[in-house]
file coords-v3.tsv (TSV, C-alpha atoms)
chain	number	residue	atom	x	y	z
A	1	MET	CA	-105.06	44.15	-121.98
A	2	PHE	CA	-106.15	41.34	-124.30
A	3	ALA	CA	-102.66	41.04	-125.72
A	4	LYS	CA	-100.94	40.54	-122.39
A	5	GLU	CA	-103.43	37.96	-121.17
A	6	MET	CA	-103.27	36.01	-124.44
A	7	VAL	CA	-99.46	35.93	-124.53
A	8	LYS	CA	-99.27	34.85	-120.89
A	9	GLN	CA	-101.80	32.04	-121.22
A	10	SER	CA	-101.10	30.65	-124.65
A	11	LEU	CA	-97.32	31.03	-125.10
A	12	PRO	CA	-96.24	28.16	-122.81
A	13	LEU	CA	-98.83	25.85	-124.40
A	14	LEU	CA	-97.72	26.82	-127.93
A	15	ILE	CA	-94.06	26.13	-127.15
A	16	LEU	CA	-95.07	22.81	-125.56
A	17	CYS	CA	-97.12	21.91	-128.64
A	18	GLY	CA	-94.09	22.83	-130.79
A	19	ILE	CA	-91.88	20.50	-128.77
A	20	GLY	CA	-94.51	17.78	-129.23
A	21	GLY	CA	-94.27	18.56	-132.94
A	22	ILE	CA	-90.50	18.05	-132.87
A	23	VAL	CA	-91.00	14.62	-131.27
A	24	ALA	CA	-93.64	13.75	-133.88
A	25	GLY	CA	-91.35	15.01	-136.66
A	26	SER	CA	-88.44	12.96	-135.37
A	27	ALA	CA	-90.67	9.87	-135.46
A	28	LEU	CA	-91.36	10.77	-139.11
A	29	GLY	CA	-87.60	11.08	-139.66
A	30	ILE	CA	-87.12	7.48	-138.49
A	31	MET	CA	-89.64	6.37	-141.13
A	32	ILE	CA	-87.70	7.84	-144.04
A	33	ASP	CA	-86.46	4.45	-145.33
A	34	LEU	CA	-89.99	3.04	-145.31
A	35	ILE	CA	-91.29	6.19	-147.03
A	36	GLN	CA	-88.80	5.65	-149.86
A	37	LYS	CA	-89.75	1.99	-150.13
A	38	ILE	CA	-93.55	2.30	-150.28
A	39	PRO	CA	-94.92	4.84	-152.77
A	40	GLY	CA	-97.98	6.59	-151.35
A	41	LEU	CA	-96.99	6.12	-147.71
A	42	ILE	CA	-95.99	9.78	-147.30
A	43	VAL	CA	-99.33	10.77	-148.85
A	44	VAL	CA	-101.44	9.11	-146.15
A	45	ILE	CA	-99.52	10.61	-143.23
A	46	PRO	CA	-101.04	14.15	-143.19
A	47	ALA	CA	-104.50	12.70	-143.85
A	48	ILE	CA	-104.39	10.18	-140.98
A	49	ILE	CA	-103.01	12.78	-138.56
A	50	ALA	CA	-105.74	15.26	-139.55
A	51	MET	CA	-108.50	12.63	-139.33
A	52	ARG	CA	-107.30	11.57	-135.89
A	53	GLY	CA	-107.19	15.18	-134.70
A	54	ASN	CA	-110.65	16.00	-136.02
A	55	ILE	CA	-112.38	12.87	-134.74
A	56	SER	CA	-110.83	12.87	-131.28
A	57	THR	CA	-111.24	16.60	-130.62
A	58	ALA	CA	-114.91	16.30	-131.67
A	59	PHE	CA	-115.25	13.29	-129.32
A	60	GLY	CA	-113.59	15.28	-126.53
A	61	SER	CA	-115.74	18.35	-127.03
A	62	ARG	CA	-118.94	16.24	-127.16
A	63	LEU	CA	-117.97	14.68	-123.83
A	64	GLY	CA	-117.30	18.20	-122.54
A	65	SER	CA	-120.78	19.30	-123.56
A	66	ALA	CA	-122.27	16.11	-122.08
A	67	TYR	CA	-120.59	17.03	-118.80
A	68	HIS	CA	-122.03	20.55	-118.90
A	69	LEU	CA	-125.46	19.10	-119.67
A	70	GLY	CA	-125.16	16.78	-116.67
A	71	ILE	CA	-125.31	13.57	-118.74
A	72	ILE	CA	-121.98	12.18	-117.55
A	73	ASP	CA	-119.74	12.85	-114.56
A	74	ALA	CA	-116.95	11.13	-112.65
A	75	ASP	CA	-119.33	8.73	-110.85
A	76	ASN	CA	-121.44	7.98	-113.90
A	77	MET	CA	-119.02	7.56	-116.82
A	78	TRP	CA	-119.69	4.17	-118.41
A	79	ASN	CA	-123.25	4.77	-119.51
A	80	GLU	CA	-125.04	4.32	-122.81
A	81	GLU	CA	-124.28	7.92	-123.97
A	82	LEU	CA	-120.54	7.34	-123.68
A	83	LYS	CA	-120.83	3.97	-125.46
A	84	GLN	CA	-122.70	5.55	-128.41
A	85	ASN	CA	-119.96	8.21	-128.64
A	86	ILE	CA	-117.21	5.58	-128.64
A	87	ILE	CA	-118.93	3.44	-131.30
A	88	GLY	CA	-119.56	6.53	-133.44
A	89	SER	CA	-115.90	7.64	-133.30
A	90	ILE	CA	-114.56	4.18	-134.10
A	91	ILE	CA	-116.89	3.59	-137.06
A	92	LEU	CA	-116.05	7.07	-138.43
A	93	SER	CA	-112.33	6.25	-138.09
A	94	PHE	CA	-112.82	2.99	-139.98
A	95	LEU	CA	-114.73	4.60	-142.87
A	96	ILE	CA	-112.42	7.61	-143.22
A	97	SER	CA	-109.33	5.36	-143.07
A	98	LEU	CA	-110.72	3.28	-145.90
A	99	ILE	CA	-111.31	6.42	-148.00
A	100	ILE	CA	-107.77	7.68	-147.25
A	101	GLY	CA	-106.19	4.37	-148.30
A	102	ILE	CA	-108.13	4.11	-151.56
A	103	LEU	CA	-107.62	7.77	-152.50
A	104	ALA	CA	-103.89	7.68	-151.74
A	105	PHE	CA	-103.50	4.58	-153.91
A	106	ILE	CA	-105.44	6.00	-156.87
A	107	THR	CA	-103.75	9.44	-156.83
A	108	THR	CA	-100.29	7.91	-156.46
A	109	VAL	CA	-100.81	5.59	-159.43
A	110	ILE	CA	-102.18	8.46	-161.56
A	111	LEU	CA	-99.46	10.96	-160.64
A	112	PHE	CA	-96.39	8.76	-160.32
A	113	GLY	CA	-97.28	5.48	-162.06
A	114	THR	CA	-95.15	3.15	-159.97
A	115	TYR	CA	-93.20	0.03	-160.97
A	116	PHE	CA	-94.84	-1.71	-158.06
A	117	ASP	CA	-97.26	-4.61	-158.44
A	118	LEU	CA	-100.43	-2.51	-158.23
A	119	GLY	CA	-102.52	-5.11	-156.40
A	120	ILE	CA	-99.93	-5.53	-153.67
A	121	LEU	CA	-99.48	-1.76	-153.36
A	122	ALA	CA	-103.25	-1.24	-152.98
A	123	VAL	CA	-103.53	-3.94	-150.30
A	124	LYS	CA	-100.47	-2.60	-148.46
A	125	LEU	CA	-101.61	1.03	-148.42
A	126	ILE	CA	-105.19	0.24	-147.41
A	127	PHE	CA	-104.11	-2.12	-144.62
A	128	ILE	CA	-101.48	0.32	-143.31
A	129	VAL	CA	-104.11	3.08	-143.06
A	130	LEU	CA	-106.83	0.83	-141.62
A	131	ILE	CA	-104.61	-0.67	-138.91
A	132	ALA	CA	-103.04	2.70	-138.03
A	133	GLY	CA	-106.43	4.44	-138.07
A	134	LEU	CA	-108.18	1.87	-135.86
A	135	ILE	CA	-105.36	1.40	-133.34
A	136	SER	CA	-104.86	5.15	-132.96
A	137	ALA	CA	-108.64	5.53	-132.60
A	138	LEU	CA	-108.70	2.99	-129.75
A	139	ILE	CA	-105.69	4.50	-127.97
A	140	LEU	CA	-106.87	8.12	-128.30
A	141	THR	CA	-110.47	7.30	-127.32
A	142	LEU	CA	-109.19	5.61	-124.19
A	143	LEU	CA	-106.79	8.50	-123.52
A	144	THR	CA	-109.61	11.04	-123.93
A	145	ILE	CA	-111.79	9.12	-121.46
A	146	ILE	CA	-108.93	9.01	-118.94
A	147	ILE	CA	-108.20	12.74	-119.37
A	148	ILE	CA	-111.90	13.57	-119.05
A	149	TYR	CA	-112.21	11.40	-115.94
A	150	LEU	CA	-109.26	13.15	-114.27
A	151	VAL	CA	-110.63	16.56	-115.29
A	152	PHE	CA	-114.08	15.71	-113.81
A	153	LYS	CA	-112.50	14.48	-110.59
A	154	ARG	CA	-110.70	17.78	-110.14
A	155	GLY	CA	-113.73	19.83	-111.14
A	156	TYR	CA	-112.01	21.63	-114.05
A	157	ASP	CA	-113.78	22.61	-117.25
A	158	PRO	CA	-113.06	19.81	-119.80
A	159	ASP	CA	-113.34	22.32	-122.70
A	160	ASN	CA	-110.09	24.04	-121.66
A	161	ILE	CA	-107.99	20.90	-121.24
A	162	THR	CA	-108.95	18.16	-123.70
A	163	GLY	CA	-108.27	20.11	-126.94
A	164	PRO	CA	-104.65	21.13	-126.28
A	165	ALA	CA	-103.84	17.82	-124.53
A	166	LEU	CA	-105.16	15.78	-127.47
A	167	ALA	CA	-103.39	18.03	-130.01
A	168	THR	CA	-100.05	17.48	-128.29
A	169	PHE	CA	-100.24	13.72	-127.68
A	170	GLY	CA	-102.44	12.85	-130.64
A	171	ASP	CA	-99.88	13.57	-133.38
A	172	ILE	CA	-97.10	11.63	-131.67
A	173	ILE	CA	-99.32	8.60	-130.96
A	174	THR	CA	-100.72	8.65	-134.50
A	175	ILE	CA	-97.29	8.76	-136.18
A	176	LEU	CA	-96.07	5.91	-133.96
A	177	CYS	CA	-99.19	3.93	-134.95
A	178	ILE	CA	-98.48	4.56	-138.66
A	179	PHE	CA	-94.85	3.49	-138.13
A	180	SER	CA	-95.78	0.24	-136.37
A	181	SER	CA	-98.59	-0.66	-138.75
A	182	THR	CA	-96.23	-0.08	-141.72
A	183	LEU	CA	-93.59	-2.36	-140.16
A	184	PHE	CA	-96.29	-4.97	-139.47
A	185	VAL	CA	-97.68	-4.84	-143.03
A	186	GLU	CA	-94.16	-4.98	-144.51
A	187	VAL	CA	-93.46	-8.17	-142.55
A	188	VAL	CA	-96.80	-9.86	-143.24
A	189	ILE	CA	-97.47	-8.91	-146.87
B	1	MET	CA	-130.66	9.43	-124.91
B	2	ILE	CA	-128.97	12.34	-126.69
B	3	TYR	CA	-126.16	10.60	-128.56
B	4	ASP	CA	-126.61	7.94	-131.20
B	5	TRP	CA	-123.66	6.46	-133.09
B	6	LYS	CA	-125.49	6.58	-136.41
B	7	LYS	CA	-126.10	10.30	-136.01
B	8	ILE	CA	-122.45	10.90	-135.05
B	9	VAL	CA	-121.26	9.05	-138.18
B	10	LYS	CA	-123.79	10.79	-140.44
B	11	ASN	CA	-122.91	14.28	-139.16
B	12	GLY	CA	-119.17	13.71	-139.31
B	13	LEU	CA	-118.76	11.88	-142.60
B	14	PRO	CA	-119.32	14.61	-145.28
B	15	LEU	CA	-116.95	17.24	-143.82
B	16	LEU	CA	-114.30	14.64	-142.89
B	17	THR	CA	-114.40	13.21	-146.42
B	18	LEU	CA	-113.92	16.70	-147.89
B	19	PHE	CA	-110.93	17.23	-145.58
B	20	VAL	CA	-109.45	13.89	-146.67
B	21	PHE	CA	-109.40	15.11	-150.29
B	22	ILE	CA	-107.58	18.31	-149.26
B	23	GLU	CA	-105.12	16.40	-147.04
B	24	ILE	CA	-104.38	13.87	-149.79
B	25	PHE	CA	-103.57	16.86	-152.04
B	26	ALA	CA	-101.13	18.08	-149.35
B	27	GLY	CA	-99.69	14.56	-149.12
B	28	GLN	CA	-99.10	14.42	-152.88
B	29	ILE	CA	-97.13	17.68	-152.69
B	30	LEU	CA	-94.95	16.00	-150.05
B	31	GLN	CA	-94.53	12.98	-152.31
B	32	GLY	CA	-93.55	15.22	-155.23
B	33	GLN	CA	-90.88	16.90	-153.08
B	34	GLN	CA	-89.77	13.63	-151.48
B	35	ASP	CA	-86.17	13.96	-152.76
B	36	THR	CA	-85.66	17.21	-150.83
B	37	LEU	CA	-87.05	15.60	-147.67
B	38	VAL	CA	-84.79	12.54	-148.03
B	39	LYS	CA	-81.73	14.73	-148.62
B	40	LEU	CA	-82.59	17.14	-145.78
B	41	PRO	CA	-84.66	15.22	-143.16
B	42	ILE	CA	-84.58	18.34	-140.95
B	43	PHE	CA	-87.44	19.69	-143.08
B	44	LEU	CA	-89.47	16.49	-142.60
B	45	ILE	CA	-89.05	16.96	-138.84
B	46	SER	CA	-90.16	20.60	-139.15
B	47	ILE	CA	-93.46	19.87	-140.89
B	48	PRO	CA	-95.50	18.77	-137.83
B	49	VAL	CA	-94.07	21.75	-135.94
B	50	ILE	CA	-94.96	24.35	-138.60
B	51	ASN	CA	-98.46	22.89	-139.12
B	52	GLY	CA	-99.16	22.26	-135.44
B	53	VAL	CA	-98.26	25.75	-134.25
B	54	GLY	CA	-100.15	27.40	-137.13
B	55	GLY	CA	-103.28	25.34	-136.44
B	56	ASN	CA	-103.09	25.98	-132.72
B	57	LEU	CA	-102.62	29.74	-133.03
B	58	GLY	CA	-105.51	29.93	-135.50
B	59	SER	CA	-107.77	27.84	-133.26
B	60	VAL	CA	-106.96	29.91	-130.17
B	61	LEU	CA	-107.66	33.12	-132.09
B	62	GLY	CA	-110.89	31.65	-133.50
B	63	ALA	CA	-112.07	30.56	-130.06
B	64	ARG	CA	-111.32	34.03	-128.66
B	65	ILE	CA	-113.17	35.75	-131.50
B	66	ALA	CA	-116.07	33.29	-131.06
B	67	SER	CA	-116.34	34.08	-127.35
B	68	GLY	CA	-116.14	37.80	-128.15
B	69	LEU	CA	-118.98	37.51	-130.66
B	70	HIS	CA	-121.13	35.45	-128.26
B	71	VAL	CA	-120.62	37.85	-125.37
B	72	GLY	CA	-120.77	40.95	-127.54
B	73	TYR	CA	-117.41	42.69	-126.99
B	74	ILE	CA	-116.43	41.97	-130.60
B	75	ASN	CA	-118.64	43.08	-133.48
B	76	SER	CA	-118.94	41.15	-136.71
B	77	ASP	CA	-117.15	44.00	-138.53
B	78	LEU	CA	-113.79	43.93	-140.29
B	79	LYS	CA	-112.90	47.28	-138.67
B	80	ASP	CA	-113.42	46.03	-135.11
B	81	LYS	CA	-110.54	47.31	-132.92
B	82	THR	CA	-110.55	44.39	-130.46
B	83	MET	CA	-110.41	41.94	-133.34
B	84	HIS	CA	-107.42	43.81	-134.83
B	85	GLU	CA	-105.64	43.73	-131.49
B	86	ASN	CA	-106.19	39.96	-131.24
B	87	LEU	CA	-104.98	39.43	-134.82
B	88	PHE	CA	-101.75	41.41	-134.39
B	89	THR	CA	-100.98	39.74	-131.08
B	90	SER	CA	-101.42	36.30	-132.66
B	91	ILE	CA	-99.04	37.19	-135.49
B	92	LEU	CA	-96.42	38.58	-133.09
B	93	VAL	CA	-96.70	35.50	-130.86
B	94	GLY	CA	-96.35	33.36	-134.01
B	95	ILE	CA	-93.11	35.11	-135.08
B	96	PHE	CA	-91.63	34.60	-131.62
B	97	VAL	CA	-92.71	30.95	-131.30
B	98	TYR	CA	-91.45	29.97	-134.79
B	99	PHE	CA	-88.10	31.66	-134.13
B	100	VAL	CA	-87.61	29.77	-130.84
B	101	LEU	CA	-88.75	26.44	-132.31
B	102	ALA	CA	-86.56	26.80	-135.43
B	103	ILE	CA	-83.50	27.15	-133.19
B	104	LEU	CA	-84.69	24.22	-131.09
B	105	ILE	CA	-85.19	21.95	-134.13
B	106	TYR	CA	-81.73	22.84	-135.43
B	107	LEU	CA	-80.17	22.02	-132.04
B	108	VAL	CA	-82.07	18.71	-131.72
B	109	VAL	CA	-81.01	17.57	-135.20
B	110	SER	CA	-77.39	18.71	-134.65
B	111	PHE	CA	-77.14	16.76	-131.40
B	112	SER	CA	-78.73	13.61	-132.80
B	113	ASN	CA	-75.50	12.87	-134.67
B	114	LYS	CA	-76.98	13.38	-138.10
B	115	GLN	CA	-75.58	15.44	-140.94
B	116	VAL	CA	-77.79	18.52	-140.85
B	117	GLY	CA	-76.78	19.54	-144.38
B	118	ILE	CA	-77.85	23.18	-144.13
B	119	VAL	CA	-76.48	26.26	-142.36
B	120	PRO	CA	-78.50	27.55	-139.36
B	121	MET	CA	-79.25	30.97	-140.91
B	122	LYS	CA	-80.82	29.44	-144.01
B	123	PHE	CA	-82.85	26.90	-142.03
B	124	ILE	CA	-84.17	29.50	-139.59
B	125	SER	CA	-85.10	31.84	-142.46
B	126	VAL	CA	-87.07	29.07	-144.18
B	127	VAL	CA	-89.00	28.00	-141.05
B	128	LEU	CA	-89.57	31.58	-139.87
B	129	GLY	CA	-90.67	32.72	-143.35
B	130	ALA	CA	-93.03	29.78	-143.92
B	131	GLY	CA	-94.34	30.06	-140.34
B	132	VAL	CA	-95.08	33.78	-140.50
B	133	LEU	CA	-96.81	33.46	-143.88
B	134	LEU	CA	-98.85	30.56	-142.49
B	135	VAL	CA	-99.86	32.39	-139.31
B	136	CYS	CA	-101.03	35.44	-141.28
B	137	VAL	CA	-103.19	33.37	-143.66
B	138	VAL	CA	-104.51	31.01	-140.94
B	139	CYS	CA	-105.44	33.87	-138.60
B	140	ILE	CA	-107.29	35.75	-141.33
B	141	ALA	CA	-109.07	32.50	-142.34
B	142	SER	CA	-109.95	31.91	-138.70
B	143	ILE	CA	-111.52	35.37	-138.34
B	144	PHE	CA	-113.49	34.99	-141.56
B	145	THR	CA	-114.75	31.52	-140.53
B	146	ALA	CA	-115.79	32.85	-137.12
B	147	PHE	CA	-117.60	35.86	-138.60
B	148	TRP	CA	-119.25	33.75	-141.31
B	149	SER	CA	-120.49	31.07	-138.86
B	150	PHE	CA	-121.78	33.73	-136.50
B	151	LYS	CA	-123.71	35.47	-139.29
B	152	LYS	CA	-125.20	32.14	-140.43
B	153	GLY	CA	-126.37	31.48	-136.89
B	154	LEU	CA	-123.98	28.56	-136.46
B	155	ASP	CA	-121.71	28.15	-133.46
B	156	PRO	CA	-118.22	29.37	-134.55
B	157	ASP	CA	-116.71	26.99	-131.97
B	158	ASP	CA	-117.78	24.01	-134.11
B	159	ASN	CA	-116.37	25.28	-137.40
B	160	VAL	CA	-113.20	27.25	-136.78
B	161	ALA	CA	-110.94	24.46	-135.50
B	162	PRO	CA	-111.49	21.92	-138.33
B	163	VAL	CA	-111.33	24.57	-141.08
B	164	VAL	CA	-108.22	26.18	-139.64
B	165	THR	CA	-106.30	22.93	-139.08
B	166	THR	CA	-107.06	21.69	-142.61
B	167	ILE	CA	-106.03	24.97	-144.25
B	168	GLY	CA	-103.00	25.08	-141.95
B	169	ASP	CA	-101.80	21.58	-142.92
B	170	THR	CA	-102.04	22.18	-146.65
B	171	LEU	CA	-100.66	25.72	-146.74
B	172	GLY	CA	-97.94	24.89	-144.20
B	173	ILE	CA	-96.52	22.31	-146.61
B	174	ILE	CA	-96.89	24.59	-149.66
B	175	PHE	CA	-95.27	27.60	-147.92
B	176	LEU	CA	-92.41	25.42	-146.68
B	177	PHE	CA	-91.47	24.38	-150.22
B	178	ILE	CA	-91.96	27.91	-151.58
B	179	LEU	CA	-89.54	29.23	-148.95
B	180	ILE	CA	-87.07	26.42	-149.66
B	181	GLY	CA	-87.14	27.60	-153.28
B	182	VAL	CA	-86.86	31.30	-152.41
B	183	VAL	CA	-84.00	30.91	-149.92
B	184	GLY	CA	-82.31	28.61	-152.40
B	185	ILE	CA	-81.28	25.22	-151.03

call {"tool": "encode", "arguments": {"input": "coords-v3.tsv", "output": "structure tokens"}}
result
Amino acid sequence: MFAKEMVKQSLPLLILCGIGGIVAGSALGIMIDLIQKIPGLIVVIPAIIAMRGNISTAFGSRLGSAYHLGIIDADNMWNEELKQNIIGSIILSFLISLIIGILAFITTVILFGTYFDLGILAVKLIFIVLIAGLISALILTLLTIIIIYLVFKRGYDPDNITGPALATFGDIITILCIFSSTLFVEVVI
Amino acid sequence: MIYDWKKIVKNGLPLLTLFVFIEIFAGQILQGQQDTLVKLPIFLISIPVINGVGGNLGSVLGARIASGLHVGYINSDLKDKTMHENLFTSILVGIFVYFVLAILIYLVVSFSNKQVGIVPMKFISVVLGAGVLLVCVVCIASIFTAFWSFKKGLDPDDNVAPVVTTIGDTLGIIFLFILIGVVGI
């Protein structure tokens, strides 16, 4: 009884998430030249994706709980509670991005000792992570608010929708943010 | 007011920092195996798929176990029948999903005009092997995290997803390279 219900409800979503993964992976495939050029770039990718997933699903599930507690709803979205949540998520993203950049630089130098000018490599890696982390934070926070708004309007339970939706779009958006911030940093620095 | 940005940052920072260390470890494994990924980009494309599906299956299982514990139709006991049923279903679903997605990845890469550089049978064996190993470990980790949180009086819903996705990301990458070695590429 459990088995049948679980297969029926979760199989389509799993396949969809897998297809999202293929899109995300193909975006990674496009980056292969950049990955070869900048030591440490491949190291930050899993960390940024994981950070993004953790921070935005926590944001989404807090908004879900706030809805159940009656603190926010479709007619009363832009209040102080939502603002505190947004500020909290963005500051967390900034701090964690900084840690990722520094740690990726240090471990790469220790393990692989590059020919690169170390100062330039440190600046490049940290800026790539910071820009990618902050831009993806802004985009995904906005996306979460839009999803939550639509879910409220229709009267669905946000807990069932935001998690899977963020997991599917989050990875693709994050990888595209890493790709663009790397291109930007390569041009500027 | 219930939410305060300082509290959100303070609660989130320690666990997220711990996860960053684990993810950087996973990233360094990728960097060490970079030559394989450059030679056979099909494996780079597969990584988000393997990790994503593993994390999702583990989270779904964890959420189901959590609800079962809250409501009372699952007991915090390793011999619980309903828990076993959920575990085996998750693993079976995982085998099916990885098989379908492996074929799909191979087709996508073949049609995108790139040299695939590996025969379909070998590629599917690697993805299926790594995927099934990952699903088994992630599902067992998910059940243990749910049981442990429940015993500690914490809400399993808060803990299972982050633990499972972090374990999934790291082990997904490790299993992929183990299978590449075993199948011999």

call {"tool": "atom_distance", "arguments": {"input": "coords-v3.tsv", "atom1": "atom CA of Lys81 of chain B", "atom2": "atom CA of Lys4 of chain A"}}
result
15.8 Å

call {"tool": "residues_near_point", "arguments": {"input": "coords-v3.tsv", "point": "(-115.4, 6.0, -135.1)", "cutoff": "12 Å", "atoms": "all atoms listed in the file", "output": "mmCIF file with C-alpha atoms, keeping the file's coordinate frame"}}
result
data_model
loop_
_atom_site.group_PDB
_atom_site.id
_atom_site.type_symbol
_atom_site.label_atom_id
_atom_site.label_comp_id
_atom_site.auth_asym_id
_atom_site.auth_seq_id
_atom_site.Cartn_x
_atom_site.Cartn_y
_atom_site.Cartn_z
ATOM 1 C CA MET A 51 -108.500 12.630 -139.330
ATOM 2 C CA ARG A 52 -107.300 11.570 -135.890
ATOM 3 C CA ASN A 54 -110.650 16.000 -136.020
ATOM 4 C CA ILE A 55 -112.380 12.870 -134.740
ATOM 5 C CA SER A 56 -110.830 12.870 -131.280
ATOM 6 C CA ALA A 58 -114.910 16.300 -131.670
ATOM 7 C CA PHE A 59 -115.250 13.290 -129.320
ATOM 8 C CA LYS A 83 -120.830 3.970 -125.460
ATOM 9 C CA GLN A 84 -122.700 5.550 -128.410
ATOM 10 C CA ASN A 85 -119.960 8.210 -128.640
ATOM 11 C CA ILE A 86 -117.210 5.580 -128.640
ATOM 12 C CA ILE A 87 -118.930 3.440 -131.300
ATOM 13 C CA GLY A 88 -119.560 6.530 -133.440
ATOM 14 C CA SER A 89 -115.900 7.640 -133.300
ATOM 15 C CA ILE A 90 -114.560 4.180 -134.100
ATOM 16 C CA ILE A 91 -116.890 3.590 -137.060
ATOM 17 C CA LEU A 92 -116.050 7.070 -138.430
ATOM 18 C CA SER A 93 -112.330 6.250 -138.090
ATOM 19 C CA PHE A 94 -112.820 2.990 -139.980
ATOM 20 C CA LEU A 95 -114.730 4.600 -142.870
ATOM 21 C CA ILE A 96 -112.420 7.610 -143.220
ATOM 22 C CA SER A 97 -109.330 5.360 -143.070
ATOM 23 C CA LEU A 130 -106.830 0.830 -141.620
ATOM 24 C CA GLY A 133 -106.430 4.440 -138.070
ATOM 25 C CA LEU A 134 -108.180 1.870 -135.860
ATOM 26 C CA ILE A 135 -105.360 1.400 -133.340
ATOM 27 C CA SER A 136 -104.860 5.150 -132.960
ATOM 28 C CA ALA A 137 -108.640 5.530 -132.600
ATOM 29 C CA LEU A 138 -108.700 2.990 -129.750
ATOM 30 C CA LEU A 140 -106.870 8.120 -128.300
ATOM 31 C CA THR A 141 -110.470 7.300 -127.320
ATOM 32 C CA TRP B 5 -123.660 6.460 -133.090
ATOM 33 C CA LYS B 6 -125.490 6.580 -136.410
ATOM 34 C CA LYS B 7 -126.100 10.300 -136.010
ATOM 35 C CA ILE B 8 -122.450 10.900 -135.050
ATOM 36 C CA VAL B 9 -121.260 9.050 -138.180
ATOM 37 C CA LYS B 10 -123.790 10.790 -140.440
ATOM 38 C CA ASN B 11 -122.910 14.280 -139.160
ATOM 39 C CA GLY B 12 -119.170 13.710 -139.310
ATOM 40 C CA LEU B 13 -118.760 11.880 -142.600
ATOM 41 C CA LEU B 16 -114.300 14.640 -142.890
#

call {"tool": "residues_around", "arguments": {"input": "coords-v3.tsv", "residues": "Ala122 of chain A", "least_positions_apart": "3", "cutoff": "10 Å", "atoms": "all atoms listed in the file", "output": "ChimeraX atom specification"}}
result
/A:40,101-102,104-106,109,116-119,125-128

call {"tool": "atom_distance", "arguments": {"input": "coords-v3.tsv", "atom1": "atom CA of Trp78 of chain A", "atom2": "atom CA of Tyr156 of chain A"}}
result
19.6 Å

call {"tool": "interface_residues", "arguments": {"input": "coords-v3.tsv", "of": "chain A", "to": "chain B", "cutoff": "7 Å", "atoms": "only C-alpha atoms", "output": "number ranges by chain"}}
result
A: 3, 7, 14-15, 17-18, 21-22, 24-26, 28-29, 32, 42-44, 46-47, 54, 81, 84-85, 87-88, 92, 96, 100, 104

call {"tool": "closest_residue", "arguments": {"input": "coords-v3.tsv", "among": "A:Ile38, A:Ile148, A:Ala132, A:Leu183", "to": "Ala165 of chain A", "atoms": "all atoms listed in the file"}}
result
A:Ile148

call {"tool": "atom_distance", "arguments": {"input": "coords-v3.tsv", "atom1": "atom CA of Val164 of chain B", "atom2": "atom CA of Gln9 of chain A"}}
result
20.4 Å

call {"tool": "residues_near_point", "arguments": {"input": "coords-v3.tsv", "point": "(-96.6, 31.5, -145.2)", "cutoff": "10 Å", "atoms": "only C-alpha atoms", "output": "list in words"}}
result
Ile50, Gly54, Val126, Val127, Leu128, Gly129, Ala130, Gly131, Val132, Leu133, Leu134, Val135, Cys136, Val137, Val138, Gly168, Leu171, Gly172, Ile173, Ile174, Phe175, Leu176, Ile178 and Leu179 of chain B

call {"tool": "closest_residue", "arguments": {"input": "coords-v3.tsv", "among": "A:Ile99, A:Val187, A:Asn76, A:Ile120", "to": "Lys153 of chain A", "atoms": "only C-alpha atoms"}}
result
A:Asn76

call {"tool": "closest_residue", "arguments": {"input": "coords-v3.tsv", "among": "A:Gly170, A:Gly64, A:Gly70, A:Pro39", "to": "Pro158 of chain A", "atoms": "all atoms listed in the file"}}
result
A:Gly64

call {"tool": "closest_residue", "arguments": {"input": "coords-v3.tsv", "among": "A:Ile131, A:Ile175, A:Leu121, A:Ile49", "to": "Ile189 of chain A", "atoms": "only C-alpha atoms"}}
result
A:Leu121

call {"tool": "closest_residue", "arguments": {"input": "coords-v3.tsv", "among": "A:Ile110, A:Glu5, A:Lys124, A:Leu166", "to": "Lys37 of chain A", "atoms": "all atoms listed in the file"}}
result
A:Lys124

call {"tool": "axis_aligned_box", "arguments": {"input": "coords-v3.tsv", "around": "segment 155-163 of chain A", "padding_each_side": "6 Å", "output": "JSON"}}
result
{"center_x": -110.9, "center_y": 21.1, "center_z": -119.0, "size_x": 17.8, "size_y": 17.9, "size_z": 27.8}

call {"tool": "closest_residue", "arguments": {"input": "coords-v3.tsv", "among": "B:Ile180, B:Ile143, B:Ile185, B:Ile103", "to": "Asp80 of chain B", "atoms": "only C-alpha atoms"}}
result
B:Ile143

call {"tool": "build_atoms", "arguments": {"input": "coords-v3.tsv", "residues": "segment 138-143 of chain A", "atoms": "N, CA and C atoms", "output": "short mmCIF file (atom, residue, chain, number, x, y, z; two decimals), keeping the file's coordinate frame"}}
result
data_model
loop_
_atom_site.label_atom_id
_atom_site.label_comp_id
_atom_site.auth_asym_id
_atom_site.auth_seq_id
_atom_site.Cartn_x
_atom_site.Cartn_y
_atom_site.Cartn_z
N LEU A 138 -108.50 3.64 -131.05
CA LEU A 138 -108.70 2.99 -129.75
C LEU A 138 -107.87 3.67 -128.67
N ILE A 139 -106.57 3.91 -128.98
CA ILE A 139 -105.69 4.50 -127.97
C ILE A 139 -106.17 5.91 -127.59
N LEU A 140 -106.51 6.73 -128.61
CA LEU A 140 -106.87 8.12 -128.30
C LEU A 140 -108.24 8.22 -127.65
N THR A 141 -109.18 7.30 -128.00
CA THR A 141 -110.47 7.30 -127.32
C THR A 141 -110.29 7.00 -125.84
N LEU A 142 -109.47 5.98 -125.57
CA LEU A 142 -109.19 5.61 -124.19
C LEU A 142 -108.51 6.76 -123.45
N LEU A 143 -107.52 7.39 -124.13
CA LEU A 143 -106.79 8.50 -123.52
C LEU A 143 -107.74 9.66 -123.20
#
